[in-house]
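Next comes upload.cif, with mmCIF, N, CA and C atoms and all ligand atoms.
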```
data_work
#
loop_
_atom_site.label_atom_id
_atom_site.label_comp_id
_atom_site.auth_asym_id
_atom_site.auth_seq_id
_atom_site.Cartn_x
_atom_site.Cartn_y
_atom_site.Cartn_z
N MET A 72 4.19 44.10 -10.81
CA MET A 72 3.94 43.37 -9.56
C MET A 72 5.27 43.03 -8.90
N LYS A 73 5.31 43.26 -7.59
CA LYS A 73 6.54 42.97 -6.86
C LYS A 73 6.48 41.53 -6.34
N ILE A 74 7.51 40.76 -6.61
CA ILE A 74 7.53 39.38 -6.13
C ILE A 74 8.32 39.32 -4.83
N ASP A 75 7.69 39.03 -3.72
CA ASP A 75 8.44 38.95 -2.47
C ASP A 75 8.71 37.48 -2.12
N LYS A 76 9.27 37.28 -0.94
CA LYS A 76 9.70 35.93 -0.54
C LYS A 76 8.54 34.94 -0.50
N ARG A 77 7.38 35.41 0.00
CA ARG A 77 6.22 34.51 0.10
C ARG A 77 5.80 34.02 -1.27
N ASP A 78 5.81 34.93 -2.25
CA ASP A 78 5.43 34.54 -3.61
C ASP A 78 6.39 33.48 -4.14
N MET A 79 7.66 33.64 -3.83
CA MET A 79 8.64 32.67 -4.31
C MET A 79 8.36 31.27 -3.75
N TRP A 80 7.98 31.23 -2.48
CA TRP A 80 7.61 29.95 -1.88
C TRP A 80 6.47 29.31 -2.65
N PHE A 81 5.48 30.15 -2.96
CA PHE A 81 4.28 29.64 -3.63
C PHE A 81 4.64 29.12 -5.03
N ILE A 82 5.45 29.92 -5.74
CA ILE A 82 5.86 29.49 -7.08
C ILE A 82 6.65 28.19 -7.00
N GLY A 83 7.53 28.12 -5.99
CA GLY A 83 8.32 26.89 -5.81
C GLY A 83 7.44 25.68 -5.58
N LEU A 84 6.38 25.89 -4.78
CA LEU A 84 5.47 24.79 -4.49
C LEU A 84 4.77 24.31 -5.77
N ILE A 85 4.33 25.27 -6.58
CA ILE A 85 3.65 24.90 -7.83
C ILE A 85 4.59 24.13 -8.74
N VAL A 86 5.82 24.63 -8.85
CA VAL A 86 6.81 23.94 -9.70
C VAL A 86 7.00 22.51 -9.20
N ALA A 87 7.09 22.34 -7.86
CA ALA A 87 7.31 21.00 -7.31
C ALA A 87 6.13 20.09 -7.65
N VAL A 88 4.91 20.58 -7.46
CA VAL A 88 3.73 19.75 -7.72
C VAL A 88 3.67 19.37 -9.20
N VAL A 89 3.91 20.35 -10.05
CA VAL A 89 3.83 20.07 -11.49
C VAL A 89 4.89 19.05 -11.89
N SER A 90 6.11 19.19 -11.32
CA SER A 90 7.14 18.23 -11.75
C SER A 90 6.85 16.83 -11.24
N VAL A 91 6.22 16.72 -10.05
CA VAL A 91 5.84 15.39 -9.58
C VAL A 91 4.82 14.79 -10.55
N PHE A 92 3.85 15.59 -10.98
CA PHE A 92 2.86 15.07 -11.93
C PHE A 92 3.52 14.61 -13.22
N ILE A 93 4.45 15.41 -13.71
CA ILE A 93 5.10 15.06 -14.97
C ILE A 93 5.89 13.76 -14.80
N SER A 94 6.60 13.64 -13.66
CA SER A 94 7.40 12.43 -13.50
C SER A 94 6.51 11.20 -13.36
N ILE A 95 5.35 11.35 -12.71
CA ILE A 95 4.45 10.20 -12.58
C ILE A 95 3.87 9.81 -13.93
N SER A 96 3.44 10.81 -14.71
CA SER A 96 2.81 10.47 -15.99
C SER A 96 3.85 9.91 -16.94
N GLY A 97 5.11 10.30 -16.80
CA GLY A 97 6.17 9.72 -17.62
C GLY A 97 6.30 8.23 -17.35
N LYS A 98 6.23 7.84 -16.07
CA LYS A 98 6.37 6.43 -15.72
C LYS A 98 5.27 5.59 -16.34
N GLU A 99 4.07 6.16 -16.44
CA GLU A 99 2.95 5.39 -16.96
C GLU A 99 3.20 4.92 -18.38
N LYS A 100 4.10 5.59 -19.08
CA LYS A 100 4.30 5.23 -20.48
C LYS A 100 5.27 4.07 -20.64
N THR A 101 5.92 3.66 -19.58
CA THR A 101 6.80 2.51 -19.68
C THR A 101 5.98 1.30 -20.13
N LYS A 102 6.55 0.55 -21.03
CA LYS A 102 5.80 -0.57 -21.62
C LYS A 102 5.36 -1.58 -20.57
N LEU A 103 4.17 -2.10 -20.73
CA LEU A 103 3.70 -3.15 -19.84
C LEU A 103 4.37 -4.47 -20.22
N VAL A 104 4.37 -5.39 -19.29
CA VAL A 104 4.84 -6.73 -19.61
C VAL A 104 3.77 -7.38 -20.48
N PRO A 105 4.12 -7.81 -21.69
CA PRO A 105 3.08 -8.39 -22.56
C PRO A 105 2.49 -9.64 -21.93
N ASN A 106 1.18 -9.77 -22.04
CA ASN A 106 0.53 -10.96 -21.49
C ASN A 106 0.40 -11.99 -22.60
N ASP A 107 1.57 -12.50 -23.05
CA ASP A 107 1.57 -13.49 -24.13
C ASP A 107 2.11 -14.80 -23.59
N SER A 108 2.20 -15.80 -24.46
CA SER A 108 2.60 -17.12 -23.96
C SER A 108 4.04 -17.09 -23.43
N THR A 109 4.89 -16.25 -24.03
CA THR A 109 6.27 -16.15 -23.54
C THR A 109 6.30 -15.72 -22.08
N HIS A 110 5.43 -14.80 -21.74
CA HIS A 110 5.47 -14.22 -20.40
C HIS A 110 4.57 -14.92 -19.39
N GLN A 111 3.94 -16.04 -19.83
CA GLN A 111 3.05 -16.74 -18.90
C GLN A 111 3.77 -17.16 -17.63
N ILE A 112 5.05 -17.57 -17.76
CA ILE A 112 5.77 -18.06 -16.59
C ILE A 112 5.87 -16.96 -15.54
N ALA A 113 6.07 -15.72 -15.97
CA ALA A 113 6.16 -14.61 -15.03
C ALA A 113 4.78 -14.29 -14.45
N TYR A 114 3.76 -14.31 -15.30
CA TYR A 114 2.41 -14.04 -14.80
C TYR A 114 1.96 -15.11 -13.81
N ARG A 115 2.29 -16.36 -14.13
CA ARG A 115 1.88 -17.42 -13.20
C ARG A 115 2.55 -17.25 -11.84
N ALA A 116 3.84 -16.88 -11.86
CA ALA A 116 4.55 -16.68 -10.59
C ALA A 116 3.96 -15.49 -9.83
N ALA A 117 3.65 -14.42 -10.55
CA ALA A 117 3.15 -13.21 -9.88
C ALA A 117 1.77 -13.45 -9.29
N TYR A 118 0.94 -14.20 -9.99
CA TYR A 118 -0.46 -14.32 -9.58
C TYR A 118 -0.75 -15.69 -8.98
N LYS A 119 0.31 -16.41 -8.55
CA LYS A 119 0.04 -17.79 -8.11
C LYS A 119 -0.85 -17.85 -6.87
N ASN A 120 -0.79 -16.82 -6.01
CA ASN A 120 -1.65 -16.82 -4.84
C ASN A 120 -2.89 -15.95 -5.03
N ALA A 121 -3.19 -15.62 -6.26
CA ALA A 121 -4.32 -14.73 -6.50
C ALA A 121 -5.62 -15.38 -6.03
N PRO A 122 -6.46 -14.62 -5.35
CA PRO A 122 -7.74 -15.17 -4.92
C PRO A 122 -8.64 -15.41 -6.13
N GLY A 123 -9.39 -16.47 -6.11
CA GLY A 123 -10.30 -16.78 -7.22
C GLY A 123 -11.51 -15.87 -7.21
N PRO A 124 -12.35 -16.00 -8.23
CA PRO A 124 -13.54 -15.14 -8.33
C PRO A 124 -14.50 -15.32 -7.16
N GLU A 125 -14.40 -16.48 -6.47
CA GLU A 125 -15.33 -16.72 -5.36
C GLU A 125 -14.82 -16.09 -4.06
N ALA A 126 -13.56 -15.59 -4.06
CA ALA A 126 -13.01 -15.00 -2.84
C ALA A 126 -13.74 -13.70 -2.50
N SER A 127 -13.61 -13.30 -1.23
CA SER A 127 -14.33 -12.11 -0.79
C SER A 127 -13.78 -10.87 -1.47
N PHE A 128 -14.58 -9.85 -1.50
CA PHE A 128 -14.19 -8.59 -2.11
C PHE A 128 -12.88 -8.08 -1.50
N PHE A 129 -12.75 -8.19 -0.16
CA PHE A 129 -11.56 -7.64 0.48
C PHE A 129 -10.32 -8.41 0.11
N LYS A 130 -10.44 -9.72 0.02
CA LYS A 130 -9.28 -10.51 -0.38
C LYS A 130 -8.80 -10.09 -1.76
N ARG A 131 -9.75 -9.84 -2.65
CA ARG A 131 -9.35 -9.47 -4.01
C ARG A 131 -8.81 -8.05 -4.04
N ALA A 132 -9.41 -7.15 -3.25
CA ALA A 132 -8.99 -5.75 -3.28
C ALA A 132 -7.57 -5.60 -2.73
N PHE A 133 -7.20 -6.42 -1.74
CA PHE A 133 -5.90 -6.25 -1.10
C PHE A 133 -4.86 -7.22 -1.61
N PHE A 134 -5.17 -7.97 -2.65
CA PHE A 134 -4.19 -8.89 -3.20
C PHE A 134 -3.04 -8.13 -3.84
N LYS A 135 -1.82 -8.57 -3.50
CA LYS A 135 -0.63 -7.97 -4.14
C LYS A 135 0.09 -9.07 -4.92
N ALA A 136 0.37 -8.78 -6.18
CA ALA A 136 1.07 -9.77 -6.98
C ALA A 136 2.47 -10.02 -6.40
N ASP A 137 2.94 -11.23 -6.55
CA ASP A 137 4.27 -11.60 -6.06
C ASP A 137 5.31 -11.14 -7.09
N LYS A 138 5.64 -9.85 -7.02
CA LYS A 138 6.52 -9.29 -8.05
C LYS A 138 7.91 -9.88 -7.97
N LYS A 139 8.44 -10.03 -6.76
CA LYS A 139 9.80 -10.56 -6.64
C LYS A 139 9.85 -11.98 -7.19
N GLY A 140 8.80 -12.75 -6.95
CA GLY A 140 8.75 -14.12 -7.47
C GLY A 140 8.75 -14.14 -8.98
N ALA A 141 8.16 -13.14 -9.61
CA ALA A 141 8.10 -13.10 -11.06
C ALA A 141 9.39 -12.56 -11.66
N GLU A 142 10.01 -11.63 -10.96
CA GLU A 142 11.17 -10.94 -11.54
C GLU A 142 12.38 -11.86 -11.73
N VAL A 143 12.43 -12.95 -10.97
CA VAL A 143 13.59 -13.83 -11.14
C VAL A 143 13.65 -14.37 -12.57
N TYR A 144 12.52 -14.40 -13.26
CA TYR A 144 12.52 -14.96 -14.61
C TYR A 144 12.89 -13.95 -15.68
N CYS A 145 12.71 -12.67 -15.40
CA CYS A 145 12.81 -11.67 -16.48
C CYS A 145 14.17 -11.65 -17.14
N GLU A 146 15.19 -11.32 -16.35
CA GLU A 146 16.47 -11.02 -16.99
C GLU A 146 17.12 -12.25 -17.61
N PRO A 147 17.10 -13.42 -16.92
CA PRO A 147 17.72 -14.59 -17.56
C PRO A 147 17.14 -14.87 -18.94
N CYS A 148 15.83 -14.81 -19.05
CA CYS A 148 15.22 -15.13 -20.35
C CYS A 148 15.51 -14.05 -21.37
N HIS A 149 15.43 -12.80 -20.94
CA HIS A 149 15.71 -11.72 -21.90
C HIS A 149 17.15 -11.81 -22.40
N THR A 150 18.05 -12.19 -21.52
CA THR A 150 19.44 -12.33 -21.95
C THR A 150 19.58 -13.50 -22.92
N GLU A 151 18.97 -14.62 -22.54
CA GLU A 151 19.10 -15.82 -23.36
C GLU A 151 18.47 -15.62 -24.74
N GLN A 152 17.29 -14.99 -24.78
CA GLN A 152 16.60 -14.79 -26.06
C GLN A 152 17.08 -13.54 -26.79
N LYS A 153 18.06 -12.85 -26.19
CA LYS A 153 18.63 -11.66 -26.79
C LYS A 153 17.58 -10.59 -27.12
N VAL A 154 16.64 -10.40 -26.18
CA VAL A 154 15.71 -9.28 -26.33
C VAL A 154 16.51 -8.01 -26.05
N PRO A 155 16.56 -7.08 -27.00
CA PRO A 155 17.43 -5.91 -26.78
C PRO A 155 16.85 -4.96 -25.73
N PHE A 156 17.69 -4.46 -24.86
CA PHE A 156 17.32 -3.35 -23.99
C PHE A 156 17.68 -2.07 -24.73
N PRO A 157 16.86 -1.03 -24.60
CA PRO A 157 17.27 0.24 -25.23
C PRO A 157 18.60 0.69 -24.63
N PRO A 158 19.41 1.39 -25.41
CA PRO A 158 20.76 1.74 -24.95
C PRO A 158 20.74 2.59 -23.67
N ASN A 159 19.70 3.39 -23.49
CA ASN A 159 19.66 4.23 -22.30
C ASN A 159 18.76 3.63 -21.23
N HIS A 160 18.65 2.31 -21.22
CA HIS A 160 17.76 1.67 -20.25
C HIS A 160 18.22 1.94 -18.81
N PRO A 161 17.30 2.31 -17.91
CA PRO A 161 17.70 2.57 -16.52
C PRO A 161 18.14 1.28 -15.81
N PRO A 162 18.71 1.40 -14.60
CA PRO A 162 19.14 0.22 -13.84
C PRO A 162 18.03 -0.81 -13.75
N LYS A 163 18.40 -2.09 -13.87
CA LYS A 163 17.37 -3.10 -14.14
C LYS A 163 16.94 -3.95 -12.96
N ASN A 164 17.49 -3.72 -11.77
CA ASN A 164 17.00 -4.55 -10.66
C ASN A 164 15.58 -4.12 -10.31
N ARG A 165 14.64 -4.95 -10.30
CA ARG A 165 13.23 -4.68 -10.02
C ARG A 165 12.48 -4.22 -11.27
N CYS A 166 12.43 -5.07 -12.25
CA CYS A 166 11.73 -4.79 -13.51
C CYS A 166 10.32 -4.27 -13.29
N LEU A 167 9.61 -4.90 -12.34
CA LEU A 167 8.17 -4.66 -12.26
C LEU A 167 7.81 -3.37 -11.55
N PHE A 168 8.82 -2.66 -10.98
CA PHE A 168 8.51 -1.31 -10.51
C PHE A 168 8.14 -0.43 -11.68
N CYS A 169 8.78 -0.66 -12.81
CA CYS A 169 8.58 0.21 -13.96
C CYS A 169 7.68 -0.45 -15.00
N HIS A 170 7.95 -1.70 -15.34
CA HIS A 170 7.12 -2.39 -16.33
C HIS A 170 6.00 -3.08 -15.58
N LYS A 171 4.81 -2.55 -15.68
CA LYS A 171 3.70 -3.11 -14.92
C LYS A 171 3.16 -4.37 -15.60
N LEU A 172 2.62 -5.25 -14.78
CA LEU A 172 1.90 -6.40 -15.32
C LEU A 172 0.53 -5.94 -15.80
N GLN A 173 0.01 -6.62 -16.78
CA GLN A 173 -1.39 -6.35 -17.16
C GLN A 173 -2.25 -6.73 -15.97
N PRO A 174 -3.36 -6.02 -15.76
CA PRO A 174 -4.20 -6.36 -14.61
C PRO A 174 -4.74 -7.77 -14.72
N LEU A 175 -4.86 -8.40 -13.57
CA LEU A 175 -5.35 -9.78 -13.49
C LEU A 175 -6.84 -9.78 -13.82
N LYS A 176 -7.21 -10.68 -14.72
CA LYS A 176 -8.63 -10.79 -15.04
C LYS A 176 -9.26 -11.81 -14.10
N LEU A 177 -10.17 -11.35 -13.28
CA LEU A 177 -10.81 -12.27 -12.33
C LEU A 177 -12.17 -12.68 -12.87
C1 LIG A 201 10.57 -17.02 -21.06
C2 LIG A 201 11.18 -15.82 -21.59
C3 LIG A 201 10.80 -14.46 -21.02
C4 LIG A 201 10.54 -14.12 -19.71
C5 LIG A 201 10.52 -15.04 -18.48
C6 LIG A 201 10.27 -12.69 -19.70
N1 LIG A 201 10.35 -12.18 -20.97
FE1 LIG A 201 9.93 -10.25 -21.51
N2 LIG A 201 10.18 -10.75 -23.48
C7 LIG A 201 10.58 -11.97 -23.95
C8 LIG A 201 10.67 -11.90 -25.39
C9 LIG A 201 11.09 -13.07 -26.30
C10 LIG A 201 10.28 -10.59 -25.76
C11 LIG A 201 10.20 -9.97 -27.16
C12 LIG A 201 9.03 -10.51 -27.96
C13 LIG A 201 7.72 -10.34 -27.24
O1 LIG A 201 7.28 -9.19 -27.09
O2 LIG A 201 7.13 -11.34 -26.82
C14 LIG A 201 9.96 -9.89 -24.54
C15 LIG A 201 9.53 -8.58 -24.48
C16 LIG A 201 9.36 -7.84 -23.31
C17 LIG A 201 9.03 -6.44 -23.24
C18 LIG A 201 8.78 -5.52 -24.42
C19 LIG A 201 7.34 -5.60 -24.80
C20 LIG A 201 7.00 -4.66 -25.92
O3 LIG A 201 5.83 -4.23 -25.94
O4 LIG A 201 7.87 -4.38 -26.74
C21 LIG A 201 8.99 -6.09 -21.92
C22 LIG A 201 8.69 -4.72 -21.35
C23 LIG A 201 9.30 -7.27 -21.16
N3 LIG A 201 9.51 -8.33 -22.04
C24 LIG A 201 9.39 -7.32 -19.81
C25 LIG A 201 9.55 -8.48 -19.07
C26 LIG A 201 9.52 -8.53 -17.63
C27 LIG A 201 9.35 -7.33 -16.72
C28 LIG A 201 9.65 -9.82 -17.27
C29 LIG A 201 9.62 -10.43 -15.87
C30 LIG A 201 8.39 -10.17 -15.09
C31 LIG A 201 9.81 -10.60 -18.49
N4 LIG A 201 9.74 -9.75 -19.56
C32 LIG A 201 9.99 -11.98 -18.54
C33 LIG A 201 10.87 -13.10 -23.19
C34 LIG A 201 10.68 -13.22 -21.81
C1 LIG A 202 13.74 2.16 -13.46
C2 LIG A 202 12.72 1.70 -14.39
C3 LIG A 202 12.95 0.42 -15.17
C4 LIG A 202 13.35 -0.81 -14.69
C5 LIG A 202 13.68 -1.21 -13.24
C6 LIG A 202 13.36 -1.70 -15.81
N1 LIG A 202 13.00 -1.01 -16.96
FE1 LIG A 202 12.86 -1.75 -18.84
N2 LIG A 202 12.48 0.09 -19.60
C7 LIG A 202 12.32 1.23 -18.84
C8 LIG A 202 12.12 2.37 -19.71
C9 LIG A 202 11.89 3.80 -19.26
C10 LIG A 202 12.19 1.85 -21.03
C11 LIG A 202 12.06 2.63 -22.34
C12 LIG A 202 10.63 3.10 -22.53
C13 LIG A 202 9.73 1.97 -22.93
O1 LIG A 202 9.19 1.28 -22.06
O2 LIG A 202 9.57 1.75 -24.13
C14 LIG A 202 12.39 0.42 -20.92
C15 LIG A 202 12.47 -0.45 -22.00
C16 LIG A 202 12.54 -1.83 -21.89
C17 LIG A 202 12.46 -2.77 -22.98
C18 LIG A 202 12.30 -2.42 -24.45
C19 LIG A 202 10.86 -2.20 -24.75
C20 LIG A 202 10.68 -1.89 -26.20
O3 LIG A 202 10.33 -2.82 -26.95
O4 LIG A 202 10.86 -0.73 -26.56
C21 LIG A 202 12.55 -4.02 -22.47
C22 LIG A 202 12.52 -5.35 -23.23
C23 LIG A 202 12.71 -3.87 -21.04
N3 LIG A 202 12.70 -2.53 -20.72
C24 LIG A 202 12.84 -4.94 -20.15
C25 LIG A 202 13.15 -4.80 -18.80
C26 LIG A 202 13.48 -5.92 -17.93
C27 LIG A 202 13.51 -7.38 -18.34
C28 LIG A 202 13.76 -5.39 -16.71
C29 LIG A 202 14.25 -6.13 -15.45
C30 LIG A 202 15.45 -6.98 -15.63
C31 LIG A 202 13.57 -3.94 -16.81
N4 LIG A 202 13.21 -3.63 -18.10
C32 LIG A 202 13.70 -3.05 -15.76
C33 LIG A 202 12.35 1.30 -17.46
C34 LIG A 202 12.73 0.28 -16.60
#
```

The structure in this file should be written as C-alpha cells.
Amino acid sequence: MKIDKRDMWFIGLIVAVVSVFISISGKEKTKLVPNDSTHQIAYRAAYKNAPGPEASFFKRAFFKADKKGAEVYCEPCHTEQKVPFPPNHPPKNRCLFCHKLQPLKL
C-alpha cells in the first residue's frame, strides 16, 4: 500500500487523538484529596457555598467548589506536617487541578 500525504494527515490525527486520551486518563490516576479529618478544613473552604439538598437542581448542577479558597491551606500544612512530596512531583501551584476533591455528598 502506498502512503500518500492525505494518509499521513489521517495517521497524524489518530495519533493526536490517542495521545490526548492517554494524557487525560493519566491525570485521573492522580490521588484524590483524602476526605478525612485532617483535610476537613480544605473541604469546608471548598464547599462553604455549596447549595443544600433543598436547593434547586440547577443550583446544584452548576455549583463550583471554591478551589482557590481551599488551596491556601494545602501547602502550609503539608510543609508543617512534613508530608513528603514524591521527588518528581510536578509544579505545585494549584493543587486541585490535579488532586481532585472527593465529590460532595448532598
Ligand atoms: C491541616 C493539614 C492539611 C491540609 C490543610 C491539607 N493536607 Fe493533605 N495531607 C495532610 C497529611 C497529614 C497527609 C498524610 C496523611 C493522610 O493521608 O491523612 C496528607 C495527605 C495528602 C495526600 C496524599 C493522600 C494519599 O492517598 O496518600 C494528598 C494528595 C493531599 N494530602 C492533598 C492535599 C491538598 C490538595 C490539600 C489542599 C486542598 C491538602 N492536602 C490540605 C495534611 C493536610
Ligand atoms: C500538575 C499536577 C499536580 C499539582 C498542581 C499538584 N500535584 Fe501532587 N501529585 C501529582 C502527581 C502526578 C503525583 C504522583 C502520583 C500520585 O498522585 O500518586 C502527586 C503526588 C502527591 C502527593 C503524594 C501522594 C502519595 O501518597 O503518593 C502529595 C502528598 C501531593 N501530591 C500533594 C500535593 C499538594 C499539597 C499540592 C499543592 C501544593 C499538589 N500536590 C499539587 C500532581 C500534582

Notebook entry, point to check: What lies within 12 Å of Ala113 of chain A using only C-alpha atoms, ignoring chain neighbours under 6 positions off, as a PyMOL selection string?
Noted result: chain A and resi 104-107+119+136-148+166-167+171-173

Next item on the list: Tell me, in Å to one decimal, how far atom C of His110 of chain A is from atom N of Pro158 of chain A.
Entry: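 Spanning atom C of His110 of chain A to atom N of Pro158 of chain A is a straight-line distance of 22.9 Å.
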
Run DSSP on the backbone and grab whatever in chain A lands in alpha helix (DSSP H); send it over as a tab-separated table (two decimals) with N, CA and C atoms, in the coordinates of the input.
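The resulting out-v2.tsv:
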```tsv
chain	number	residue	atom	x	y	z
A	76	LYS	N	9.27	37.28	-0.94
A	76	LYS	CA	9.70	35.93	-0.54
A	76	LYS	C	8.54	34.94	-0.50
A	77	ARG	N	7.38	35.41	0.00
A	77	ARG	CA	6.22	34.51	0.10
A	77	ARG	C	5.80	34.02	-1.27
A	78	ASP	N	5.81	34.93	-2.25
A	78	ASP	CA	5.43	34.54	-3.61
A	78	ASP	C	6.39	33.48	-4.14
A	79	MET	N	7.66	33.64	-3.83
A	79	MET	CA	8.64	32.67	-4.31
A	79	MET	C	8.36	31.27	-3.75
A	80	TRP	N	7.98	31.23	-2.48
A	80	TRP	CA	7.61	29.95	-1.88
A	80	TRP	C	6.47	29.31	-2.65
A	81	PHE	N	5.48	30.15	-2.96
A	81	PHE	CA	4.28	29.64	-3.63
A	81	PHE	C	4.64	29.12	-5.03
A	82	ILE	N	5.45	29.92	-5.74
A	82	ILE	CA	5.86	29.49	-7.08
A	82	ILE	C	6.65	28.19	-7.00
A	83	GLY	N	7.53	28.12	-5.99
A	83	GLY	CA	8.32	26.89	-5.81
A	83	GLY	C	7.44	25.68	-5.58
A	84	LEU	N	6.38	25.89	-4.78
A	84	LEU	CA	5.47	24.79	-4.49
A	84	LEU	C	4.77	24.31	-5.77
A	85	ILE	N	4.33	25.27	-6.58
A	85	ILE	CA	3.65	24.90	-7.83
A	85	ILE	C	4.59	24.13	-8.74
A	86	VAL	N	5.82	24.63	-8.85
A	86	VAL	CA	6.81	23.94	-9.70
A	86	VAL	C	7.00	22.51	-9.20
A	87	ALA	N	7.09	22.34	-7.86
A	87	ALA	CA	7.31	21.00	-7.31
A	87	ALA	C	6.13	20.09	-7.65
A	88	VAL	N	4.91	20.58	-7.46
A	88	VAL	CA	3.73	19.75	-7.72
A	88	VAL	C	3.67	19.37	-9.20
A	89	VAL	N	3.91	20.35	-10.05
A	89	VAL	CA	3.83	20.07	-11.49
A	89	VAL	C	4.89	19.05	-11.89
A	90	SER	N	6.11	19.19	-11.32
A	90	SER	CA	7.14	18.23	-11.75
A	90	SER	C	6.85	16.83	-11.24
A	91	VAL	N	6.22	16.72	-10.05
A	91	VAL	CA	5.84	15.39	-9.58
A	91	VAL	C	4.82	14.79	-10.55
A	92	PHE	N	3.85	15.59	-10.98
A	92	PHE	CA	2.86	15.07	-11.93
A	92	PHE	C	3.52	14.61	-13.22
A	93	ILE	N	4.45	15.41	-13.71
A	93	ILE	CA	5.10	15.06	-14.97
A	93	ILE	C	5.89	13.76	-14.80
A	94	SER	N	6.60	13.64	-13.66
A	94	SER	CA	7.40	12.43	-13.50
A	94	SER	C	6.51	11.20	-13.36
A	95	ILE	N	5.35	11.35	-12.71
A	95	ILE	CA	4.45	10.20	-12.58
A	95	ILE	C	3.87	9.81	-13.93
A	96	SER	N	3.44	10.81	-14.71
A	96	SER	CA	2.81	10.47	-15.99
A	96	SER	C	3.85	9.91	-16.94
A	97	GLY	N	5.11	10.30	-16.80
A	97	GLY	CA	6.17	9.72	-17.62
A	97	GLY	C	6.30	8.23	-17.35
A	98	LYS	N	6.23	7.84	-16.07
A	98	LYS	CA	6.37	6.43	-15.72
A	98	LYS	C	5.27	5.59	-16.34
A	99	GLU	N	4.07	6.16	-16.44
A	99	GLU	CA	2.95	5.39	-16.96
A	99	GLU	C	3.20	4.92	-18.38
A	111	GLN	N	3.94	-16.04	-19.83
A	111	GLN	CA	3.05	-16.74	-18.90
A	111	GLN	C	3.77	-17.16	-17.63
A	112	ILE	N	5.05	-17.57	-17.76
A	112	ILE	CA	5.77	-18.06	-16.59
A	112	ILE	C	5.87	-16.96	-15.54
A	113	ALA	N	6.07	-15.72	-15.97
A	113	ALA	CA	6.16	-14.61	-15.03
A	113	ALA	C	4.78	-14.29	-14.45
A	114	TYR	N	3.76	-14.31	-15.30
A	114	TYR	CA	2.41	-14.04	-14.80
A	114	TYR	C	1.96	-15.11	-13.81
A	115	ARG	N	2.29	-16.36	-14.13
A	115	ARG	CA	1.88	-17.42	-13.20
A	115	ARG	C	2.55	-17.25	-11.84
A	116	ALA	N	3.84	-16.88	-11.86
A	116	ALA	CA	4.55	-16.68	-10.59
A	116	ALA	C	3.96	-15.49	-9.83
A	117	ALA	N	3.65	-14.42	-10.55
A	117	ALA	CA	3.15	-13.21	-9.88
A	117	ALA	C	1.77	-13.45	-9.29
A	128	PHE	N	-14.58	-9.85	-1.50
A	128	PHE	CA	-14.19	-8.59	-2.11
A	128	PHE	C	-12.88	-8.08	-1.50
A	129	PHE	N	-12.75	-8.19	-0.16
A	129	PHE	CA	-11.56	-7.64	0.48
A	129	PHE	C	-10.32	-8.41	0.11
A	130	LYS	N	-10.44	-9.72	0.02
A	130	LYS	CA	-9.28	-10.51	-0.38
A	130	LYS	C	-8.80	-10.09	-1.76
A	131	ARG	N	-9.75	-9.84	-2.65
A	131	ARG	CA	-9.35	-9.47	-4.01
A	131	ARG	C	-8.81	-8.05	-4.04
A	132	ALA	N	-9.41	-7.15	-3.25
A	132	ALA	CA	-8.99	-5.75	-3.28
A	132	ALA	C	-7.57	-5.60	-2.73
A	138	LYS	N	5.64	-9.85	-7.02
A	138	LYS	CA	6.52	-9.29	-8.05
A	138	LYS	C	7.91	-9.88	-7.97
A	139	LYS	N	8.44	-10.03	-6.76
A	139	LYS	CA	9.80	-10.56	-6.64
A	139	LYS	C	9.85	-11.98	-7.19
A	140	GLY	N	8.80	-12.75	-6.95
A	140	GLY	CA	8.75	-14.12	-7.47
A	140	GLY	C	8.75	-14.14	-8.98
A	141	ALA	N	8.16	-13.14	-9.61
A	141	ALA	CA	8.10	-13.10	-11.06
A	141	ALA	C	9.39	-12.56	-11.66
A	142	GLU	N	10.01	-11.63	-10.96
A	142	GLU	CA	11.17	-10.94	-11.54
A	142	GLU	C	12.38	-11.86	-11.73
A	143	VAL	N	12.43	-12.95	-10.97
A	143	VAL	CA	13.59	-13.83	-11.14
A	143	VAL	C	13.65	-14.37	-12.57
A	144	TYR	N	12.52	-14.40	-13.26
A	144	TYR	CA	12.52	-14.96	-14.61
A	144	TYR	C	12.89	-13.95	-15.68
A	145	CYS	N	12.71	-12.67	-15.40
A	145	CYS	CA	12.81	-11.67	-16.48
A	145	CYS	C	14.17	-11.65	-17.14
A	146	GLU	N	15.19	-11.32	-16.35
A	146	GLU	CA	16.47	-11.02	-16.99
A	146	GLU	C	17.12	-12.25	-17.61
A	147	PRO	N	17.10	-13.42	-16.92
A	147	PRO	CA	17.72	-14.59	-17.56
A	147	PRO	C	17.14	-14.87	-18.94
A	148	CYS	N	15.83	-14.81	-19.05
A	148	CYS	CA	15.22	-15.13	-20.35
A	148	CYS	C	15.51	-14.05	-21.37
A	149	HIS	N	15.43	-12.80	-20.94
A	149	HIS	CA	15.71	-11.72	-21.90
A	149	HIS	C	17.15	-11.81	-22.40
A	150	THR	N	18.05	-12.19	-21.52
A	150	THR	CA	19.44	-12.33	-21.95
A	150	THR	C	19.58	-13.50	-22.92
A	151	GLU	N	18.97	-14.62	-22.54
A	151	GLU	CA	19.10	-15.82	-23.36
A	151	GLU	C	18.47	-15.62	-24.74
A	166	CYS	N	12.43	-5.07	-12.25
A	166	CYS	CA	11.73	-4.79	-13.51
A	166	CYS	C	10.32	-4.27	-13.29
A	167	LEU	N	9.61	-4.90	-12.34
A	167	LEU	CA	8.17	-4.66	-12.26
A	167	LEU	C	7.81	-3.37	-11.55
A	168	PHE	N	8.82	-2.66	-10.98
A	168	PHE	CA	8.51	-1.31	-10.51
A	168	PHE	C	8.14	-0.43	-11.68
A	169	CYS	N	8.78	-0.66	-12.81
A	169	CYS	CA	8.58	0.21	-13.96
A	169	CYS	C	7.68	-0.45	-15.00
```

Margin query: as a PyMOL selection string, please: every protein or nucleic acid residue near ligand LIG 202 (chain A) (cut-off 7 Å, counting all atoms listed in the file).
Written below: chain A and resi 100-103+142+145-147+149+154-157+159-170

Checklist line | Point-to-point distance in Å for atom N of Tyr118 of chain A and atom C of Gln152 of chain A | finding: 23.3 Å

Item checked: Distance in Å - atom C6 of ligand LIG 201 (chain A) versus atom CA of Tyr114 of chain A -> 9.4 Å

Next item on the list: Name the closest residue to ligand LIG 201 (chain A) among the candidates A:Ala121, A:Ser108, A:Pro174, A:Ala132; distances are taken between atoms, counting only N, CA and C atoms and all ligand atoms.
Entry: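 Counting only N, CA and C atoms and all ligand atoms, the residue closest to ligand LIG 201 (chain A) is A:Ser108.
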